[in-house]
Amino acid sequence: MLFGLDGVEIGLIIVFLLLFSSILSGFPVAFAIGGAAVLSFGVITALDSAGLLVHQAIDTSSAAYQALRDSGVRDQAISVFSYPDLPRVATESIFPDGSAQDALRRVIAGITNRINERVIAGQSIETLLAVLMFVLMGIVLERSKIANDLLTTMARVFGPLPGGLAVSIVVVGAFLAASTGIVGATVVTMGLLALPTMLRNNYSPELATGVIAASGTLGQIIPPSIVIVLLGTLAGDLYSRGQEERAQIEGCTDALTYLGEPAVLSVGTLFQAALIPGILLAGLYAAYAFGYAMLNPSKAPAVELGDGNGEVVTRNEAFTWFLGVPVALIAGTILLGQVNVVGSQSTTVSSFSDIGEAASLRTNVSEECQAAMIELHGQEAWDRAVAEQEAIDAEGASTESQRRTPEEIEAIRADMVANAAPIGTGIAILAIVFGLILSFARGVSPSSDPMPLMIGAGGVALGLIVDALFIGPLTSSGATVVRMAIPWAIAIYGCYYALGRLAQNELLRVVFPPLVLIVAVLGSILGGITNPTPAAALGAAGAIMLAAYRKLSDEDRSPKIIIWSTLAVVIMILVGVNFDLRINTDTVSFESWVAFFVAYAAYLYALFGLLFSCWVLYRSGVLTPAVRETAKVTSMVFTILIASQLLNLVVISFGGEHYIQQFLRSFEDPRTAFLIVMLILFILGFVLDFLEIIYIVVPIVGPVIYGTYFDPKWVTIMIAVNLQTSFLTPPFGFALFYLRGVAPKEVTTGHIYRGVIPFVLIQVVGLSILWFFPGIVTILPDLIPN
């Protein structure tokens with residue numbers, strides 16, 4: 001044995017030494033990873049051929065090994081780490097099941113299959129396309145000076161508070177994280193724009209640099225996060241594979257039987273899980289900045305930067321129109337929904353009956369699987385499932401869907417019509433939106449003439465009355481539009497004046513457009529309406545139109561084309577939701593044809609607005625560098641993906657992956673193994689980018705940590721927050737290098753390092769909170785169905 005080490009251990013050391021050396025050599029990371037894979041495989045095969053690498057495996061023919069198996073211990077649970085006293089046998093080659101030539105052939109075949117599965121034609125390729133869209137969205141927003149507007153406006157809002165500039169940095173960092181998800185762009189942008197302002201206003205260089213670096217890394221965790229997208233493409237497969245192995249170890253046929261639910265995990269679910277932890281970290285950052293200012297007022301003074309709106313609003317007026325009326329509208333609608341005044345008016349009846357009720361757990365399992373399921377779910381849950389299955393068997397109920405007769409369909413539809421709410425959910429939501437616009441406009445400018453707003457409010461009330469009295473579940477969509485035309489025209493008249501007043505308020509004018517874009521993108525994902533890829537496409541198109549609107553405004557040109565294009569998108573969505581646009585059926589009604597042409601015309605105009613926006617950005621020199629940078633970042637991601645797959649296959653070829661997994665499985669408490677993994681990821685984050693960690697390390701340790709009783713959403717978010725922490729940690733944190741590159745000369749590297757240390761500790765506190773209170777991660781996915 002070379003140096004007294006096992007051959008597999010030496011192989012792992014060679015791989016990691018060559019990997020780190022290649023990355024630190026200055027070559028592009030993607031090519032460095034691929035080169036490290038080729039070089040390490042060559043070195044390992046040369047040493048193995050020379051007989052210098054000897055692997056000591058457990059002697060499976062020994063009496064001690066057979067005794068362990070006879071006692072009920074499964075082969076997967078037996079390793080040199082779990083049972084170090086077992087007899088071993090030395091093998092001449094560390095490559096299992098063949099020579100180095102066979103291993104090379106397996107590596108070549110494996111990389112071909114993996115490229116096909118994960119890069120070209122696999123299930124994850126659609127999700128990976130979201131990376132391109134989110135990168136384009138972030139770069140366009142960053143280059144359109146929208147971040148500059150947000151920083152200036154938020155500084156005016158929070159500046160008069162102690163530490164207000166630092167708090168405004170946190171708020172803007174969260175905004176940019178939710179709209180870009182790119183750490184480097186956020187840190188550089190805020191470093192260029194905010195750091196000089198904070199220093200001029202006598203802010204401590206440590207606090208200023210620390211809060212900028214930390215807030216910039218929020219893009220790692222707050223959706224839409226590229227880290228979450230990339231982790232999600234791996235986590236779903238790792239969780240499914242890990243739970244299948246776990247179920248088979250426990251003697252069950254599959255994970256569905258053992259867990260009682262499918263072992264699936266989607267990127268949309270991870271976005272839901274990441275939202276509250278991201279807000280929690282931003283809140284901890286802001287709380288620290290405020291607390292620091294209270295203890296050190298001279299190092300984080302209050303700054304009055306002026307008011308962007310000359311209107312004076314009293315406290316009572318602000319409370320009434322910004323809080324009281326909106327809360328009353330939303331709470332009142334929820335209350336009316338509870339008493340069935342507001343609700344669904346759908347009369348759609350499926351031609352098939354619902355699938356028959358099944359027991360909460362499968363009970364037709366082996367005794368070994370039964371014991372494992374009782375240990376996992378508890379005796380009470382098992383007894384309940386047995387009782388449910390016995391009741392189903394006694395009733396002879398079918399667990400399959402049955403076709404309904406026309407009489408059954410009509411009876412169900414009549415019952416739905418009789419129990420339908422007087423006011424439909426869609427019209428109630430529109431009424432809330434109109435009401436919020438009118439209320440905020442009144443609060444922004446209380447001294448203005450309230451008559452147009454009162455007329456608009458009257459139109460909203462009239463619309464609700466018309467809906468309750470003259471529109472029922474059987475009313476066609478076309479008739480609904482005709483009957484609601486006058487009330488909604490009156491409401492739109494009031495909202496038109498309201499939007500004009502809202503546009504005069506700098507805070508709303510700057511915050512509202514990106515906020516709408518964020519709500520549209522995240523709302524569609526978090527609400528389960530669509531998956532991340534279409535939402536990312538919507539975000540990229542919205543960012544292009546928003547940036548073009550900004551450019552036209554700067555040039556004192558009319559942005560009406562973009563405004564009308566936005567309205568065309570809204571019309572297209574509303575028509576598509578409320579009308580049947582299928583025109584390839586045997587019978588198509590007149591109103592469906594009208595709705596189709598209206599939606600199609602809106603689509604064409606929206607497309608024209610998008611192309612016009614692209615032309616505006618191209619003419620102003622924004623689109624070309626944005627597309628070039630997007631192509632560069634996306635190419636880097638996919639090249640690193642391919643190279644990391646090659647390195648991963650090299651580690652697998654000589655049994656390195658199996659060796660690491662055996663080590664982690666040797667711990668009786670999975671929490672110990674998970675803590676070790678988290679520590680390793682944290683340390684690797686000093687020298688490796690998150691892309692390398694996700695694609696090289698996570699696939700190796702993932703089957704172990706995702707194959708335990710841990711919630712996969714919690715595991716993924718813990719990894720993401722850990723990677724975010726590594727971005728900040730001196731001396732190699734990437735966010736620190738980004739900030740160092742744009743910081744003024746008077747800000748030293750020591751200032752930056754000292755400034756981020758408190759935020760690193762805050763990250764550790766945040767990780768501890770998530771460790772002891774995992775419900776913070778899981779509560780939102782549990783509340784929102786997917």
# chains A, B, ... in the order shown; residues from 1 in each chain; ligands from 1
$ residues_around --residues "Ile490 (chain A)" --least-positions-apart "4" --cutoff "12 Å" --atoms "only C-alpha atoms" --output "compact mmCIF listing (two decimals) with C-alpha atoms, in the first residue's frame"
# COMPACT_ATOMS: atom_id res chain seq x y z
CA PHE A 434 -59.29 48.29 -8.63
CA PRO A 452 -62.78 60.75 -10.11
CA LEU A 453 -61.71 58.23 -7.49
CA MET A 454 -65.22 58.17 -5.99
CA ILE A 455 -66.66 57.59 -9.46
CA GLY A 456 -64.26 54.68 -9.94
CA ALA A 457 -65.24 53.24 -6.55
CA GLY A 458 -68.89 53.54 -7.57
CA GLY A 459 -68.11 51.57 -10.73
CA VAL A 460 -66.51 48.81 -8.65
CA ALA A 461 -69.55 48.64 -6.36
CA LEU A 462 -71.92 48.65 -9.35
CA GLY A 463 -69.96 45.80 -10.92
CA MET A 484 -70.07 44.20 -16.91
CA ALA A 485 -68.95 46.63 -19.63
CA ILE A 486 -70.49 49.78 -18.13
CA GLY A 494 -61.38 56.17 -11.95
CA CYS A 495 -58.29 53.96 -12.08
CA TYR A 496 -56.94 55.96 -15.03
CA TYR A 497 -56.88 59.09 -12.89
$ select_by_dssp --residues "region 14-206 of chain A" --states "strand (DSSP E)" --output "MDAnalysis selection string"
chainID A and resid 55:58 88:91
$ atom_distance --atom1 "CA of Ala287 (chain A)" --atom2 "CA of Trp321 (chain A)"
27.6 Å
$ closest_residue --among "A:Gln272, A:Ser61, A:Ser22, A:Gln645" --to "Ile776 (chain A)" --atoms "only C-alpha atoms"
A:Gln272
$ closest_residue --among "A:Gln56, A:Ser666, A:Thr778, A:Thr363" --to "Glu388 (chain A)" --atoms "only C-alpha atoms"
A:Thr363
$ atom_distance --atom1 "CA of Gly216 (chain A)" --atom2 "CA of Asn531 (chain A)"
25.7 Å
$ residues_around --residues "Ala273 (chain A)" --least-positions-apart "5" --cutoff "8 Å" --atoms "only C-alpha atoms" --output "count of residues only"
8
$ decode --residues "region 54-158 of chain A" --atoms "C-alpha atoms" --output "PDB file, in the first residue's frame"
ATOM      1  CA  VAL A  54      -4.073  -1.641  -3.622  1.00  0.00           C
ATOM      2  CA  HIS A  55      -7.636  -1.717  -2.390  1.00  0.00           C
ATOM      3  CA  GLN A  56      -8.525  -3.719   0.705  1.00  0.00           C
ATOM      4  CA  ALA A  57     -12.113  -4.830   0.346  1.00  0.00           C
ATOM      5  CA  ILE A  58     -14.171  -6.846   2.813  1.00  0.00           C
ATOM      6  CA  ASP A  59     -13.782 -10.563   2.355  1.00  0.00           C
ATOM      7  CA  THR A  60     -17.337 -11.541   1.482  1.00  0.00           C
ATOM      8  CA  SER A  61     -16.480 -15.224   1.767  1.00  0.00           C
ATOM      9  CA  SER A  62     -15.383 -15.010   5.397  1.00  0.00           C
ATOM     10  CA  ALA A  63     -17.382 -16.557   8.219  1.00  0.00           C
ATOM     11  CA  ALA A  64     -17.658 -13.213  10.020  1.00  0.00           C
ATOM     12  CA  TYR A  65     -19.266 -11.620   6.960  1.00  0.00           C
ATOM     13  CA  GLN A  66     -21.731 -14.492   6.569  1.00  0.00           C
ATOM     14  CA  ALA A  67     -22.582 -14.280  10.275  1.00  0.00           C
ATOM     15  CA  LEU A  68     -23.445 -10.595   9.866  1.00  0.00           C
ATOM     16  CA  ARG A  69     -25.712 -11.356   6.915  1.00  0.00           C
ATOM     17  CA  ASP A  70     -27.387 -14.183   8.819  1.00  0.00           C
ATOM     18  CA  SER A  71     -28.098 -11.776  11.691  1.00  0.00           C
ATOM     19  CA  GLY A  72     -30.198  -9.622   9.348  1.00  0.00           C
ATOM     20  CA  VAL A  73     -27.663  -6.962   8.329  1.00  0.00           C
ATOM     21  CA  ARG A  74     -28.041  -6.107   4.641  1.00  0.00           C
ATOM     22  CA  ASP A  75     -25.127  -5.937   2.223  1.00  0.00           C
ATOM     23  CA  GLN A  76     -25.630  -2.185   1.697  1.00  0.00           C
ATOM     24  CA  ALA A  77     -25.095  -1.549   5.415  1.00  0.00           C
ATOM     25  CA  ILE A  78     -21.809  -3.501   5.634  1.00  0.00           C
ATOM     26  CA  SER A  79     -18.653  -1.464   4.991  1.00  0.00           C
ATOM     27  CA  VAL A  80     -15.098  -1.090   6.247  1.00  0.00           C
ATOM     28  CA  PHE A  81     -16.271   1.947   8.218  1.00  0.00           C
ATOM     29  CA  SER A  82     -19.241   0.278   9.912  1.00  0.00           C
ATOM     30  CA  TYR A  83     -17.414  -2.987  10.673  1.00  0.00           C
ATOM     31  CA  PRO A  84     -13.660  -2.287  10.644  1.00  0.00           C
ATOM     32  CA  ASP A  85     -12.821  -5.653  12.259  1.00  0.00           C
ATOM     33  CA  LEU A  86     -14.143  -7.746   9.380  1.00  0.00           C
ATOM     34  CA  PRO A  87     -11.538  -9.746   7.444  1.00  0.00           C
ATOM     35  CA  ARG A  88     -10.333  -8.039   4.276  1.00  0.00           C
ATOM     36  CA  VAL A  89      -8.818  -9.155   1.005  1.00  0.00           C
ATOM     37  CA  ALA A  90      -6.386  -7.103  -1.058  1.00  0.00           C
ATOM     38  CA  THR A  91      -7.260  -6.535  -4.710  1.00  0.00           C
ATOM     39  CA  GLU A  92      -4.659  -5.860  -7.374  1.00  0.00           C
ATOM     40  CA  SER A  93      -6.667  -3.048  -8.977  1.00  0.00           C
ATOM     41  CA  ILE A  94      -8.852  -0.331  -7.500  1.00  0.00           C
ATOM     42  CA  PHE A  95     -11.063  -0.415 -10.616  1.00  0.00           C
ATOM     43  CA  PRO A  96     -14.023  -2.662  -9.796  1.00  0.00           C
ATOM     44  CA  ASP A  97     -15.123  -5.304 -12.284  1.00  0.00           C
ATOM     45  CA  GLY A  98     -12.321  -4.884 -14.765  1.00  0.00           C
ATOM     46  CA  SER A  99      -9.110  -3.191 -15.778  1.00  0.00           C
ATOM     47  CA  ALA A 100      -8.318   0.448 -16.439  1.00  0.00           C
ATOM     48  CA  GLN A 101      -9.206  -0.041 -20.120  1.00  0.00           C
ATOM     49  CA  ASP A 102     -12.669  -1.255 -19.162  1.00  0.00           C
ATOM     50  CA  ALA A 103     -13.028   1.694 -16.803  1.00  0.00           C
ATOM     51  CA  LEU A 104     -12.070   4.086 -19.607  1.00  0.00           C
ATOM     52  CA  ARG A 105     -14.712   2.607 -21.875  1.00  0.00           C
ATOM     53  CA  ARG A 106     -17.314   2.975 -19.107  1.00  0.00           C
ATOM     54  CA  VAL A 107     -16.308   6.602 -18.547  1.00  0.00           C
ATOM     55  CA  ILE A 108     -16.627   7.421 -22.257  1.00  0.00           C
ATOM     56  CA  ALA A 109     -19.988   5.656 -22.508  1.00  0.00           C
ATOM     57  CA  GLY A 110     -21.134   7.288 -19.287  1.00  0.00           C
ATOM     58  CA  ILE A 111     -20.262  10.839 -20.294  1.00  0.00           C
ATOM     59  CA  THR A 112     -22.044  10.318 -23.621  1.00  0.00           C
ATOM     60  CA  ASN A 113     -25.189   9.122 -21.877  1.00  0.00           C
ATOM     61  CA  ARG A 114     -25.080  11.875 -19.255  1.00  0.00           C
ATOM     62  CA  ILE A 115     -24.629  14.629 -21.826  1.00  0.00           C
ATOM     63  CA  ASN A 116     -27.625  13.245 -23.679  1.00  0.00           C
ATOM     64  CA  GLU A 117     -29.707  12.963 -20.485  1.00  0.00           C
ATOM     65  CA  ARG A 118     -28.789  16.192 -18.702  1.00  0.00           C
ATOM     66  CA  VAL A 119     -27.692  18.587 -21.447  1.00  0.00           C
ATOM     67  CA  ILE A 120     -29.308  17.670 -24.763  1.00  0.00           C
ATOM     68  CA  ALA A 121     -32.505  15.654 -24.416  1.00  0.00           C
ATOM     69  CA  GLY A 122     -33.057  14.848 -20.757  1.00  0.00           C
ATOM     70  CA  GLN A 123     -35.966  15.816 -18.547  1.00  0.00           C
ATOM     71  CA  SER A 124     -33.905  18.515 -16.803  1.00  0.00           C
ATOM     72  CA  ILE A 125     -33.057  20.403 -19.999  1.00  0.00           C
ATOM     73  CA  GLU A 126     -36.322  22.369 -19.889  1.00  0.00           C
ATOM     74  CA  THR A 127     -35.591  23.473 -16.338  1.00  0.00           C
ATOM     75  CA  LEU A 128     -32.018  24.380 -17.265  1.00  0.00           C
ATOM     76  CA  LEU A 129     -33.402  26.692 -19.953  1.00  0.00           C
ATOM     77  CA  ALA A 130     -34.773  28.796 -17.080  1.00  0.00           C
ATOM     78  CA  VAL A 131     -31.160  29.628 -16.201  1.00  0.00           C
ATOM     79  CA  LEU A 132     -30.695  31.353 -19.562  1.00  0.00           C
ATOM     80  CA  MET A 133     -33.925  33.341 -19.147  1.00  0.00           C
ATOM     81  CA  PHE A 134     -33.207  34.398 -15.565  1.00  0.00           C
ATOM     82  CA  VAL A 135     -29.664  35.438 -16.487  1.00  0.00           C
ATOM     83  CA  LEU A 136     -30.977  37.557 -19.370  1.00  0.00           C
ATOM     84  CA  MET A 137     -33.638  39.049 -17.089  1.00  0.00           C
ATOM     85  CA  GLY A 138     -31.051  39.997 -14.476  1.00  0.00           C
ATOM     86  CA  ILE A 139     -28.481  41.440 -16.857  1.00  0.00           C
ATOM     87  CA  VAL A 140     -31.058  43.565 -18.693  1.00  0.00           C
ATOM     88  CA  LEU A 141     -32.404  44.984 -15.433  1.00  0.00           C
ATOM     89  CA  GLU A 142     -28.901  45.638 -14.149  1.00  0.00           C
ATOM     90  CA  ARG A 143     -27.843  47.497 -17.326  1.00  0.00           C
ATOM     91  CA  SER A 144     -31.037  49.580 -17.556  1.00  0.00           C
ATOM     92  CA  LYS A 145     -30.183  51.584 -14.376  1.00  0.00           C
ATOM     93  CA  ILE A 146     -33.291  50.344 -12.604  1.00  0.00           C
ATOM     94  CA  ALA A 147     -31.053  49.352  -9.669  1.00  0.00           C
ATOM     95  CA  ASN A 148     -29.811  52.941  -9.499  1.00  0.00           C
ATOM     96  CA  ASP A 149     -33.389  54.215  -9.198  1.00  0.00           C
ATOM     97  CA  LEU A 150     -34.185  51.673  -6.492  1.00  0.00           C
ATOM     98  CA  LEU A 151     -31.123  52.618  -4.446  1.00  0.00           C
ATOM     99  CA  THR A 152     -31.820  56.338  -4.679  1.00  0.00           C
ATOM    100  CA  THR A 153     -35.482  55.980  -3.797  1.00  0.00           C
ATOM    101  CA  MET A 154     -34.992  53.551  -0.921  1.00  0.00           C
ATOM    102  CA  ALA A 155     -32.235  55.756   0.495  1.00  0.00           C
ATOM    103  CA  ARG A 156     -34.700  58.643   0.621  1.00  0.00           C
ATOM    104  CA  VAL A 157     -37.280  56.469   2.348  1.00  0.00           C
ATOM    105  CA  PHE A 158     -35.039  54.844   4.978  1.00  0.00           C
TER     106      PHE A 158
END
